[in-house]
file protein_33.pdb (PDB, C-alpha atoms and all ligand atoms)
MODEL        1
ATOM      1  CA  MET F   1      -5.986  -5.929 -28.176
ATOM      2  CA  ASN F   2      -7.082  -2.910 -26.094
ATOM      3  CA  MET F   3      -4.770  -1.433 -23.449
ATOM      4  CA  SER F   4      -6.334  -3.080 -20.363
ATOM      5  CA  ALA F   5      -6.459  -6.463 -22.125
ATOM      6  CA  GLU F   6      -2.816  -6.037 -23.029
ATOM      7  CA  ILE F   7      -1.928  -5.183 -19.428
ATOM      8  CA  ALA F   8      -4.008  -8.127 -18.138
ATOM      9  CA  ASP F   9      -2.171 -10.372 -20.573
ATOM     10  CA  ARG F  10       1.178  -9.142 -19.271
ATOM     11  CA  LYS F  11       0.195  -9.771 -15.655
ATOM     12  CA  THR F  12       1.778 -13.203 -15.889
ATOM     13  CA  GLU F  13       5.064 -11.358 -16.353
ATOM     14  CA  VAL F  14       4.736  -9.533 -13.029
ATOM     15  CA  LEU F  15       7.750 -10.117 -10.818
ATOM     16  CA  ILE F  16       7.412  -9.564  -7.062
ATOM     17  CA  ARG F  17      10.707  -9.062  -5.240
ATOM     18  CA  ALA F  18      12.194  -7.354  -2.216
ATOM     19  CA  ALA F  19      13.063  -3.693  -2.833
ATOM     20  CA  GLU F  20      16.750  -2.872  -3.128
ATOM     21  CA  ILE F  21      18.669   0.359  -2.601
ATOM     22  CA  SER F  22      18.768   0.915  -6.374
ATOM     23  CA  ASP F  23      14.922   1.075  -6.371
ATOM     24  CA  VAL F  24      14.809   4.150  -4.115
ATOM     25  CA  ASN F  25      14.173   6.812  -6.777
ATOM     26  CA  ASN F  26      11.584   4.767  -8.670
ATOM     27  CA  LEU F  27       9.743   4.010  -5.432
ATOM     28  CA  THR F  28       9.791   7.653  -4.347
ATOM     29  CA  VAL F  29       8.191   8.730  -7.623
ATOM     30  CA  LEU F  30       5.655   5.882  -7.558
ATOM     31  CA  LYS F  31       4.533   6.721  -4.027
ATOM     32  CA  GLN F  32       4.169  10.423  -4.807
ATOM     33  CA  GLN F  33       2.275   9.672  -8.002
ATOM     34  CA  VAL F  34      -0.154   7.103  -6.532
ATOM     35  CA  TRP F  35      -0.813   9.190  -3.416
ATOM     36  CA  ILE F  36      -1.741  12.272  -5.469
ATOM     37  CA  ALA F  37      -3.842  10.225  -7.921
ATOM     38  CA  THR F  38      -5.735   8.653  -5.007
ATOM     39  CA  TYR F  39      -6.265  11.539  -2.611
ATOM     40  CA  ALA F  40      -5.973  14.814  -4.559
ATOM     41  CA  VAL F  41      -9.288  14.152  -6.285
ATOM     42  CA  GLU F  42     -10.146  17.869  -6.540
ATOM     43  CA  GLY F  43      -6.629  18.883  -7.537
ATOM     44  CA  ILE F  44      -3.504  19.736  -5.581
ATOM     45  CA  ARG F  45      -3.544  22.117  -2.602
ATOM     46  CA  THR F  46      -0.670  23.176  -0.357
ATOM     47  CA  GLU F  47      -1.672  20.674   2.340
ATOM     48  CA  PHE F  48      -1.165  17.862  -0.177
ATOM     49  CA  SER F  49       2.033  19.068  -1.835
ATOM     50  CA  THR F  50       3.656  19.770   1.555
ATOM     51  CA  TYR F  51       2.756  16.275   2.767
ATOM     52  CA  VAL F  52       3.909  14.493  -0.386
ATOM     53  CA  LEU F  53       7.223  16.356  -0.644
ATOM     54  CA  SER F  54       8.048  15.792   3.040
ATOM     55  CA  GLU F  55       6.758  12.203   3.430
ATOM     56  CA  PHE F  56       7.785  10.576   0.153
ATOM     57  CA  THR F  57      11.469  11.366  -0.070
ATOM     58  CA  SER F  58      14.393   9.217  -1.208
ATOM     59  CA  ASP F  59      15.895   9.455   2.290
ATOM     60  CA  LYS F  60      12.753   8.032   3.925
ATOM     61  CA  LEU F  61      12.515   5.304   1.285
ATOM     62  CA  LEU F  62      16.135   4.349   1.919
ATOM     63  CA  GLU F  63      15.461   4.177   5.679
ATOM     64  CA  THR F  64      12.500   1.870   5.002
ATOM     65  CA  ILE F  65      14.535  -0.471   2.804
ATOM     66  CA  LEU F  66      17.279  -0.708   5.442
ATOM     67  CA  ASP F  67      14.869  -1.105   8.390
ATOM     68  CA  LYS F  68      14.838  -4.710   9.679
ATOM     69  CA  ASN F  69      11.357  -4.133  11.088
ATOM     70  CA  LYS F  70       9.921  -3.370   7.670
ATOM     71  CA  ILE F  71       9.222  -5.423   4.570
ATOM     72  CA  LEU F  72       9.114  -3.612   1.232
ATOM     73  CA  LEU F  73       8.186  -5.634  -1.851
ATOM     74  CA  ILE F  74       7.867  -4.307  -5.353
ATOM     75  CA  ALA F  75       5.989  -5.417  -8.479
ATOM     76  CA  GLU F  76       7.831  -5.099 -11.779
ATOM     77  CA  ILE F  77       6.913  -5.720 -15.395
ATOM     78  CA  ASP F  78       9.822  -5.808 -17.852
ATOM     79  CA  ASN F  79      12.071  -4.141 -15.245
ATOM     80  CA  HIS F  80       9.599  -1.287 -14.725
ATOM     81  CA  LEU F  81       8.165  -0.560 -11.286
ATOM     82  CA  VAL F  82       4.333  -0.763 -11.245
ATOM     83  CA  GLY F  83       3.470  -1.298  -7.567
ATOM     84  CA  CYS F  84       4.689  -1.846  -4.026
ATOM     85  CA  VAL F  85       3.625  -3.112  -0.617
ATOM     86  CA  GLU F  86       5.195  -2.025   2.661
ATOM     87  CA  VAL F  87       4.731  -3.823   5.968
ATOM     88  CA  ASN F  88       5.632  -2.464   9.375
ATOM     89  CA  LEU F  89       6.332  -5.340  11.756
ATOM     90  CA  ARG F  90       6.510  -3.180  14.852
ATOM     91  CA  CYS F  91       3.956  -0.463  15.315
ATOM     92  CA  ASP F  92       1.009   0.311  17.553
ATOM     93  CA  CYS F  93      -2.450  -0.384  16.201
ATOM     94  CA  PRO F  94      -5.197   2.090  17.147
ATOM     95  CA  VAL F  95      -7.433  -0.930  17.876
ATOM     96  CA  ASP F  96      -6.535  -3.213  20.817
ATOM     97  CA  LEU F  97      -7.747  -6.347  19.053
ATOM     98  CA  VAL F  98      -4.760  -6.356  16.723
ATOM     99  CA  GLN F  99      -2.093  -5.071  19.069
ATOM    100  CA  ASP F 100       1.411  -6.493  18.414
ATOM    101  CA  GLN F 101       0.474  -7.550  14.884
ATOM    102  CA  PRO F 102       2.016  -6.073  11.706
ATOM    103  CA  GLU F 103       0.565  -3.233   9.667
ATOM    104  CA  ILE F 104       0.216  -3.274   5.885
ATOM    105  CA  ALA F 105       1.362   0.346   5.774
ATOM    106  CA  VAL F 106       1.305   0.898   1.993
ATOM    107  CA  LEU F 107      -0.202  -0.955  -0.973
ATOM    108  CA  TYR F 108       0.139   1.088  -4.145
ATOM    109  CA  VAL F 109      -0.351   0.110  -7.781
ATOM    110  CA  LEU F 110       0.088   2.600 -10.645
ATOM    111  CA  GLU F 111      -3.387   3.504 -11.928
ATOM    112  CA  ARG F 112      -2.697   2.163 -15.424
ATOM    113  CA  TYR F 113      -1.888  -1.252 -13.895
ATOM    114  CA  THR F 114      -4.826  -1.531 -11.473
ATOM    115  CA  GLY F 115      -7.589  -4.109 -11.898
ATOM    116  CA  VAL F 116      -5.440  -6.892 -13.332
ATOM    117  CA  GLY F 117      -4.410  -8.668 -10.132
ATOM    118  CA  ILE F 118      -1.164  -6.902  -9.216
ATOM    119  CA  GLY F 119      -2.520  -5.533  -5.901
ATOM    120  CA  LEU F 120      -3.669  -9.008  -4.904
ATOM    121  CA  LYS F 121      -0.327 -10.515  -5.896
ATOM    122  CA  LEU F 122       1.577  -8.010  -3.733
ATOM    123  CA  LEU F 123      -0.832  -8.453  -0.817
ATOM    124  CA  THR F 124      -0.703 -12.263  -1.030
ATOM    125  CA  GLU F 125       3.096 -12.283  -1.018
ATOM    126  CA  ALA F 126       3.257  -9.899   1.949
ATOM    127  CA  LEU F 127       0.716 -11.914   3.959
ATOM    128  CA  SER F 128       2.522 -15.139   3.176
ATOM    129  CA  GLU F 129       5.800 -13.684   4.531
ATOM    130  CA  LEU F 130       3.903 -12.699   7.696
ATOM    131  CA  LYS F 131       2.490 -16.211   8.109
ATOM    132  CA  GLU F 132       6.008 -17.602   7.788
ATOM    133  CA  LYS F 133       7.001 -15.274  10.622
ATOM    134  CA  ASP F 134       4.132 -16.730  12.691
ATOM    135  CA  PHE F 135       1.995 -13.611  12.927
ATOM    136  CA  LYS F 136      -1.676 -14.367  13.563
ATOM    137  CA  ALA F 137      -3.218 -11.269  11.958
ATOM    138  CA  ALA F 138      -2.406  -8.138   9.999
ATOM    139  CA  TRP F 139      -4.103  -4.740   9.945
ATOM    140  CA  LEU F 140      -4.233  -1.547   7.938
ATOM    141  CA  THR F 141      -6.028   1.771   7.751
ATOM    142  CA  VAL F 142      -8.042   3.015   4.775
ATOM    143  CA  TYR F 143      -9.446   6.501   4.155
ATOM    144  CA  HIS F 144     -13.201   6.153   4.634
ATOM    145  CA  LYS F 145     -13.920   7.591   1.168
ATOM    146  CA  ASN F 146     -11.472   5.282  -0.630
ATOM    147  CA  GLU F 147     -14.227   2.954  -1.791
ATOM    148  CA  ARG F 148     -12.112   1.015  -4.262
ATOM    149  CA  ALA F 149      -9.596   0.064  -1.564
ATOM    150  CA  LEU F 150     -12.345  -0.745   0.982
ATOM    151  CA  LYS F 151     -13.957  -3.047  -1.592
ATOM    152  CA  PHE F 152     -10.611  -4.604  -2.518
ATOM    153  CA  TYR F 153      -9.709  -5.412   1.110
ATOM    154  CA  THR F 154     -13.209  -6.646   1.984
ATOM    155  CA  LYS F 155     -13.113  -8.967  -1.020
ATOM    156  CA  ASN F 156      -9.755 -10.243   0.248
ATOM    157  CA  ASN F 157     -11.043 -11.187   3.738
ATOM    158  CA  PHE F 158     -10.258  -8.013   5.681
ATOM    159  CA  ARG F 159     -12.964  -6.720   8.015
ATOM    160  CA  ILE F 160     -13.504  -3.323   9.603
ATOM    161  CA  VAL F 161     -12.631  -3.402  13.307
ATOM    162  CA  GLY F 162     -12.566   0.280  14.201
ATOM    163  CA  ILE F 163     -11.901   3.812  13.100
ATOM    164  CA  THR F 164      -8.988   6.159  13.546
ATOM    165  CA  SER F 165      -8.023   9.524  12.212
ATOM    166  CA  PHE F 166      -5.165  10.671  10.046
ATOM    167  CA  GLU F 167      -3.877  14.179  10.652
ATOM    168  CA  MET F 168      -2.461  16.352   7.909
ATOM    169  CA  ASP F 169      -1.723  20.061   8.300
ATOM    170  CA  GLY F 170      -4.066  20.261  11.315
ATOM    171  CA  ASN F 171      -6.982  18.596   9.493
ATOM    172  CA  GLN F 172      -8.390  15.223  10.581
ATOM    173  CA  TYR F 173      -9.394  12.554   8.066
ATOM    174  CA  GLU F 174     -11.400   9.498   9.130
ATOM    175  CA  ASN F 175      -9.801   6.157   8.354
ATOM    176  CA  LYS F 176     -11.251   2.690   8.816
ATOM    177  CA  VAL F 177      -9.075   0.147  10.611
ATOM    178  CA  MET F 178      -9.296  -3.264   8.932
ATOM    179  CA  MET F 179      -7.787  -6.597   9.945
ATOM    180  CA  VAL F 180      -7.323 -10.036   8.444
ATOM    181  CA  ASP F 181      -6.653 -13.330  10.209
ATOM    182  CA  LEU F 182      -3.611 -15.219   8.977
ATOM    183  CA  LYS F 183      -4.353 -18.915   8.899
TER     184      LYS F 183
HETATM  185  C1  LIG X   1      -6.458  -0.737  -3.980
HETATM  186  C2  LIG X   1      -5.414  -1.267  -4.950
HETATM  187  C3  LIG X   1      -4.117  -1.554  -4.195
HETATM  188  C4  LIG X   1      -5.919  -2.569  -5.562
HETATM  189  O1  LIG X   1      -4.911  -3.044  -6.453
HETATM  190  P1  LIG X   1      -5.293  -3.707  -7.865
HETATM  191  O2  LIG X   1      -4.041  -4.139  -8.495
HETATM  192  O3  LIG X   1      -6.162  -2.808  -8.638
HETATM  193  O4  LIG X   1      -6.131  -4.954  -7.351
HETATM  194  P2  LIG X   1      -6.498  -6.284  -8.152
HETATM  195  O5  LIG X   1      -6.355  -6.058  -9.609
HETATM  196  O6  LIG X   1      -5.748  -7.384  -7.543
HETATM  197  O7  LIG X   1      -8.021  -6.421  -7.787
HETATM  198  C5  LIG X   1      -8.925  -5.377  -8.136
HETATM  199  C6  LIG X   1     -10.023  -5.889  -9.036
HETATM  200  O8  LIG X   1      -9.494  -6.386 -10.252
HETATM  201  C7  LIG X   1     -10.019  -7.692 -10.481
HETATM  202  N1  LIG X   1      -9.017  -8.468 -11.190
HETATM  203  C8  LIG X   1      -8.023  -9.168 -10.655
HETATM  204  N2  LIG X   1      -7.312  -9.780 -11.632
HETATM  205  C9  LIG X   1      -7.875  -9.436 -12.799
HETATM  206  C10 LIG X   1      -7.588  -9.744 -14.158
HETATM  207  N3  LIG X   1      -6.592 -10.557 -14.503
HETATM  208  N4  LIG X   1      -8.351  -9.179 -15.108
HETATM  209  C11 LIG X   1      -9.377  -8.367 -14.774
HETATM  210  N5  LIG X   1      -9.691  -8.054 -13.490
HETATM  211  C12 LIG X   1      -8.954  -8.582 -12.525
HETATM  212  C13 LIG X   1     -10.271  -8.233  -9.105
HETATM  213  O9  LIG X   1     -11.227  -9.288  -9.147
HETATM  214  C14 LIG X   1     -10.806  -7.027  -8.433
HETATM  215  O10 LIG X   1     -12.155  -6.887  -8.834
HETATM  216  P3  LIG X   1     -13.233  -6.040  -8.048
HETATM  217  O11 LIG X   1     -12.916  -4.604  -8.352
HETATM  218  O12 LIG X   1     -14.510  -6.471  -8.612
HETATM  219  O13 LIG X   1     -13.054  -6.343  -6.606
HETATM  220  C15 LIG X   1      -5.152  -0.286  -6.123
HETATM  221  O14 LIG X   1      -6.391   0.072  -6.697
HETATM  222  C16 LIG X   1      -4.413   0.974  -5.728
HETATM  223  O15 LIG X   1      -3.191   0.985  -5.670
HETATM  224  N6  LIG X   1      -5.154   2.060  -5.478
HETATM  225  C17 LIG X   1      -4.550   3.352  -5.187
HETATM  226  C18 LIG X   1      -3.848   3.379  -3.838
HETATM  227  C19 LIG X   1      -4.724   2.868  -2.728
HETATM  228  O16 LIG X   1      -5.865   3.281  -2.576
HETATM  229  N7  LIG X   1      -4.141   1.958  -1.931
HETATM  230  C20 LIG X   1      -4.791   1.434  -0.762
HETATM  231  C21 LIG X   1      -4.670   2.455   0.301
HETATM  232  S1  LIG X   1      -5.075   1.785   1.858
ENDMDL
END

call {"tool": "encode", "arguments": {"input": "protein_33.pdb", "output": "structure tokens"}}
result
Amino acid sequence: MNMSAEIADRKTEVLIRAAEISDVNNLTVLKQQVWIATYAVEGIRTEFSTYVLSEFTSDKLLETILDKNKILLIAEIDNHLVGCVEVNLRCDCPVDLVQDQPEIAVLYVLERYTGVGIGLKLLTEALSELKEKDFKAAWLTVYHKNERALKFYTKNNFRIVGITSFEMDGNQYENKVMMVDLK
């Protein structure tokens, strides 16, 4: 069995659960790792390392886990963290259409575990919690060059409803705003 077949086979063993305080260090490392793998496509420059080391810290992760306005779910295989999804229930959307609706703020799967359904499992669980809370829609932002994520969300019923920009170290990066209806 090759590696991706083996991982696909083990996808049935994926456990999705709410993050706990004891997950803080694993989550911090996962977020740093996935962010760099996704965005530092030409290598690491100071802009990136400064952002990663200031944004993805254990303290900020702990705040997120304790925040009643956030949902943080993790995906585990054999007690190893392989992905996470973070939802912000209270934040302003740059597009009026989805004002007062929650943001899928983070959806990260370790590269080795992508393409076998873990992202969809995390997303489905997060959206189902939002439906239970009676939200009518959810939104997110995606870097306009992140084609894999744009394709993934489009395939899973999100549509582009606007653009916004993400600022890092004085530079602006165009992001698409996408939304999904929760029926
Ligand atoms: C975008 C991302 C979250 C998607 O997660 P994922 O786990 O790879 O997604 P899935 O496996 O559920 O779906 C991806 C593809 O695998 C396919 N797939 C799903 N289950 C599968 C299985 N058992 N076997 C083979 N393929 C499968 C899906 O059909 C989908 O196919 P497509 O590429 O033709 O659309 C993930 O690639 C990621 O974390 N990327 C880096 C961070 C990032 O960009 N996050 C989004 C920022 S906004």

call {"tool": "residues_around", "arguments": {"input": "protein_33.pdb", "residues": "region 141-143 of chain F", "least_positions_apart": "6", "cutoff": "10 Å", "atoms": "all atoms listed in the file", "output": "PDB file with C-alpha atoms, in the coordinates of the input"}}
result
ATOM      1  CA  TYR F  39      -6.265  11.539  -2.611  1.00  0.00           C
ATOM      2  CA  CYS F  93      -2.450  -0.384  16.201  1.00  0.00           C
ATOM      3  CA  PRO F  94      -5.197   2.090  17.147  1.00  0.00           C
ATOM      4  CA  GLU F 103       0.565  -3.233   9.667  1.00  0.00           C
ATOM      5  CA  ILE F 104       0.216  -3.274   5.885  1.00  0.00           C
ATOM      6  CA  ALA F 105       1.362   0.346   5.774  1.00  0.00           C
ATOM      7  CA  VAL F 106       1.305   0.898   1.993  1.00  0.00           C
ATOM      8  CA  ALA F 149      -9.596   0.064  -1.564  1.00  0.00           C
ATOM      9  CA  LEU F 150     -12.345  -0.745   0.982  1.00  0.00           C
ATOM     10  CA  TYR F 153      -9.709  -5.412   1.110  1.00  0.00           C
ATOM     11  CA  ILE F 160     -13.504  -3.323   9.603  1.00  0.00           C
ATOM     12  CA  GLY F 162     -12.566   0.280  14.201  1.00  0.00           C
ATOM     13  CA  ILE F 163     -11.901   3.812  13.100  1.00  0.00           C
ATOM     14  CA  THR F 164      -8.988   6.159  13.546  1.00  0.00           C
ATOM     15  CA  SER F 165      -8.023   9.524  12.212  1.00  0.00           C
ATOM     16  CA  PHE F 166      -5.165  10.671  10.046  1.00  0.00           C
ATOM     17  CA  TYR F 173      -9.394  12.554   8.066  1.00  0.00           C
ATOM     18  CA  GLU F 174     -11.400   9.498   9.130  1.00  0.00           C
ATOM     19  CA  ASN F 175      -9.801   6.157   8.354  1.00  0.00           C
ATOM     20  CA  LYS F 176     -11.251   2.690   8.816  1.00  0.00           C
ATOM     21  CA  VAL F 177      -9.075   0.147  10.611  1.00  0.00           C
ATOM     22  CA  MET F 178      -9.296  -3.264   8.932  1.00  0.00           C
ATOM     23  CA  MET F 179      -7.787  -6.597   9.945  1.00  0.00           C
TER      24      MET F 179
END

call {"tool": "residues_near_ligand", "arguments": {"input": "protein_33.pdb", "ligand": "ligand LIG 1 (chain X)", "cutoff": "6 Å", "atoms": "all atoms listed in the file", "output": "list in words"}}
result
Ala8, Val34, Thr38, Leu107, Tyr108, Val109, Thr114, Gly115, Val116, Gly117, Ile118, Gly119, Leu120, Thr141, Val142, Arg148, Ala149 and Phe152 of chain F

call {"tool": "atom_distance", "arguments": {"input": "protein_33.pdb", "atom1": "CA of Ser128 (chain F)", "atom2": "CA of Leu182 (chain F)"}}
result
8.4 Å

call {"tool": "residues_around", "arguments": {"input": "protein_33.pdb", "residues": "Ala40 (chain F)", "least_positions_apart": "5", "cutoff": "12 Å", "atoms": "only C-alpha atoms", "output": "number ranges by chain"}}
result
F: 32-35, 45-49, 51-52, 146

call {"tool": "write_last_selection", "arguments": {"input": "protein_33.pdb", "atoms": "C-alpha atoms", "output": "compact mmCIF listing (two decimals), in the coordinates of the input"}}
result
# COMPACT_ATOMS: atom_id res chain seq x y z
CA GLN F 32 4.17 10.42 -4.81
CA GLN F 33 2.28 9.67 -8.00
CA VAL F 34 -0.15 7.10 -6.53
CA TRP F 35 -0.81 9.19 -3.42
CA ARG F 45 -3.54 22.12 -2.60
CA THR F 46 -0.67 23.18 -0.36
CA GLU F 47 -1.67 20.67 2.34
CA PHE F 48 -1.16 17.86 -0.18
CA SER F 49 2.03 19.07 -1.84
CA TYR F 51 2.76 16.27 2.77
CA VAL F 52 3.91 14.49 -0.39
CA ASN F 146 -11.47 5.28 -0.63

call {"tool": "resolve_selection", "arguments": {"input": "protein_33.pdb", "expression": "the PyMOL selection byres (((chain F and resi 87-90) around 8) and not hetatm)", "output": "ChimeraX atom specification"}}
result
/F:69-72,85-86,91-92,100-106,126

call {"tool": "resolve_selection", "arguments": {"input": "protein_33.pdb", "expression": "the PyMOL selection byres (((chain F and resi 76) around 12) and not hetatm)", "output": "number ranges by chain"}}
result
F: 10-19, 23, 26-27, 30, 73-75, 77-84, 109-110, 113, 118-119, 121-122

call {"tool": "write_last_selection", "arguments": {"input": "protein_33.pdb", "atoms": "C-alpha atoms", "output": "compact mmCIF listing (two decimals), in the frame of the given file"}}
result
# COMPACT_ATOMS: atom_id res chain seq x y z
CA ARG F 10 1.18 -9.14 -19.27
CA LYS F 11 0.20 -9.77 -15.66
CA THR F 12 1.78 -13.20 -15.89
CA GLU F 13 5.06 -11.36 -16.35
CA VAL F 14 4.74 -9.53 -13.03
CA LEU F 15 7.75 -10.12 -10.82
CA ILE F 16 7.41 -9.56 -7.06
CA ARG F 17 10.71 -9.06 -5.24
CA ALA F 18 12.19 -7.35 -2.22
CA ALA F 19 13.06 -3.69 -2.83
CA ASP F 23 14.92 1.08 -6.37
CA ASN F 26 11.58 4.77 -8.67
CA LEU F 27 9.74 4.01 -5.43
CA LEU F 30 5.66 5.88 -7.56
CA LEU F 73 8.19 -5.63 -1.85
CA ILE F 74 7.87 -4.31 -5.35
CA ALA F 75 5.99 -5.42 -8.48
CA ILE F 77 6.91 -5.72 -15.40
CA ASP F 78 9.82 -5.81 -17.85
CA ASN F 79 12.07 -4.14 -15.24
CA HIS F 80 9.60 -1.29 -14.72
CA LEU F 81 8.16 -0.56 -11.29
CA VAL F 82 4.33 -0.76 -11.24
CA GLY F 83 3.47 -1.30 -7.57
CA CYS F 84 4.69 -1.85 -4.03
CA VAL F 109 -0.35 0.11 -7.78
CA LEU F 110 0.09 2.60 -10.64
CA TYR F 113 -1.89 -1.25 -13.90
CA ILE F 118 -1.16 -6.90 -9.22
CA GLY F 119 -2.52 -5.53 -5.90
CA LYS F 121 -0.33 -10.52 -5.90
CA LEU F 122 1.58 -8.01 -3.73

call {"tool": "atom_distance", "arguments": {"input": "protein_33.pdb", "atom1": "CA of Val98 (chain F)", "atom2": "CA of Ala137 (chain F)"}}
result
7.0 Å

call {"tool": "atom_distance", "arguments": {"input": "protein_33.pdb", "atom1": "CA of Thr57 (chain F)", "atom2": "CA of Glu167 (chain F)"}}
result
18.9 Å

call {"tool": "closest_residue", "arguments": {"input": "protein_33.pdb", "among": "F:Asp181, F:Asp169, F:Asp134, F:Glu20", "to": "Asn157 (chain F)", "atoms": "all atoms listed in the file"}}
result
F:Asp181

call {"tool": "closest_residue", "arguments": {"input": "protein_33.pdb", "among": "F:Glu63, F:Glu111, F:Ile36, F:Glu42", "to": "Ser4 (chain F)", "atoms": "all atoms listed in the file"}}
result
F:Glu111

call {"tool": "decode", "arguments": {"input": "protein_33.pdb", "residues": "region 43-61 of chain F", "atoms": "N, CA and C atoms", "output": "mmCIF file, in the first residue's frame"}}
result
data_model
loop_
_atom_site.group_PDB
_atom_site.id
_atom_site.type_symbol
_atom_site.label_atom_id
_atom_site.label_comp_id
_atom_site.auth_asym_id
_atom_site.auth_seq_id
_atom_site.Cartn_x
_atom_site.Cartn_y
_atom_site.Cartn_z
ATOM 1 N N GLY F 43 9.983 30.401 -0.052
ATOM 2 C CA GLY F 43 10.908 30.362 1.081
ATOM 3 C C GLY F 43 10.465 31.338 2.146
ATOM 4 N N ILE F 44 11.235 31.414 3.212
ATOM 5 C CA ILE F 44 10.844 32.228 4.372
ATOM 6 C C ILE F 44 11.554 33.574 4.330
ATOM 7 N N ARG F 45 10.783 34.666 4.441
ATOM 8 C CA ARG F 45 11.388 35.997 4.596
ATOM 9 C C ARG F 45 10.927 36.584 5.930
ATOM 10 N N THR F 46 11.582 37.678 6.320
ATOM 11 C CA THR F 46 11.340 38.236 7.662
ATOM 12 C C THR F 46 9.858 38.542 7.895
ATOM 13 N N GLU F 47 9.196 39.048 6.859
ATOM 14 C CA GLU F 47 7.764 39.356 6.961
ATOM 15 C C GLU F 47 6.988 38.114 7.450
ATOM 16 N N PHE F 48 7.343 36.967 6.912
ATOM 17 C CA PHE F 48 6.643 35.728 7.253
ATOM 18 C C PHE F 48 7.013 35.244 8.662
ATOM 19 N N SER F 49 8.308 35.204 8.944
ATOM 20 C CA SER F 49 8.711 34.669 10.257
ATOM 21 C C SER F 49 8.197 35.559 11.383
ATOM 22 N N THR F 50 8.213 36.887 11.167
ATOM 23 C CA THR F 50 7.703 37.806 12.197
ATOM 24 C C THR F 50 6.223 37.529 12.438
ATOM 25 N N TYR F 51 5.477 37.371 11.341
ATOM 26 C CA TYR F 51 4.027 37.140 11.462
ATOM 27 C C TYR F 51 3.742 35.823 12.194
ATOM 28 N N VAL F 52 4.413 34.763 11.754
ATOM 29 C CA VAL F 52 4.153 33.439 12.322
ATOM 30 C C VAL F 52 4.498 33.395 13.817
ATOM 31 N N LEU F 53 5.655 33.979 14.168
ATOM 32 C CA LEU F 53 6.088 33.906 15.572
ATOM 33 C C LEU F 53 5.272 34.823 16.482
ATOM 34 N N SER F 54 4.610 35.848 15.901
ATOM 35 C CA SER F 54 3.792 36.714 16.760
ATOM 36 C C SER F 54 2.328 36.277 16.770
ATOM 37 N N GLU F 55 1.845 35.703 15.671
ATOM 38 C CA GLU F 55 0.427 35.325 15.559
ATOM 39 C C GLU F 55 0.135 33.945 16.153
ATOM 40 N N PHE F 56 1.014 32.991 15.877
ATOM 41 C CA PHE F 56 0.741 31.607 16.279
ATOM 42 C C PHE F 56 1.558 31.260 17.514
ATOM 43 N N THR F 57 1.076 31.768 18.645
ATOM 44 C CA THR F 57 1.757 31.529 19.914
ATOM 45 C C THR F 57 0.854 30.690 20.820
ATOM 46 N N SER F 58 1.456 30.026 21.791
ATOM 47 C CA SER F 58 0.656 29.232 22.739
ATOM 48 C C SER F 58 -0.328 30.118 23.498
ATOM 49 N N ASP F 59 0.093 31.340 23.835
ATOM 50 C CA ASP F 59 -0.814 32.235 24.573
ATOM 51 C C ASP F 59 -2.068 32.548 23.758
ATOM 52 N N LYS F 60 -1.889 32.835 22.465
ATOM 53 C CA LYS F 60 -3.053 33.161 21.624
ATOM 54 C C LYS F 60 -3.937 31.932 21.428
ATOM 55 N N LEU F 61 -3.305 30.763 21.304
ATOM 56 C CA LEU F 61 -4.085 29.528 21.162
ATOM 57 C C LEU F 61 -4.915 29.271 22.423
#
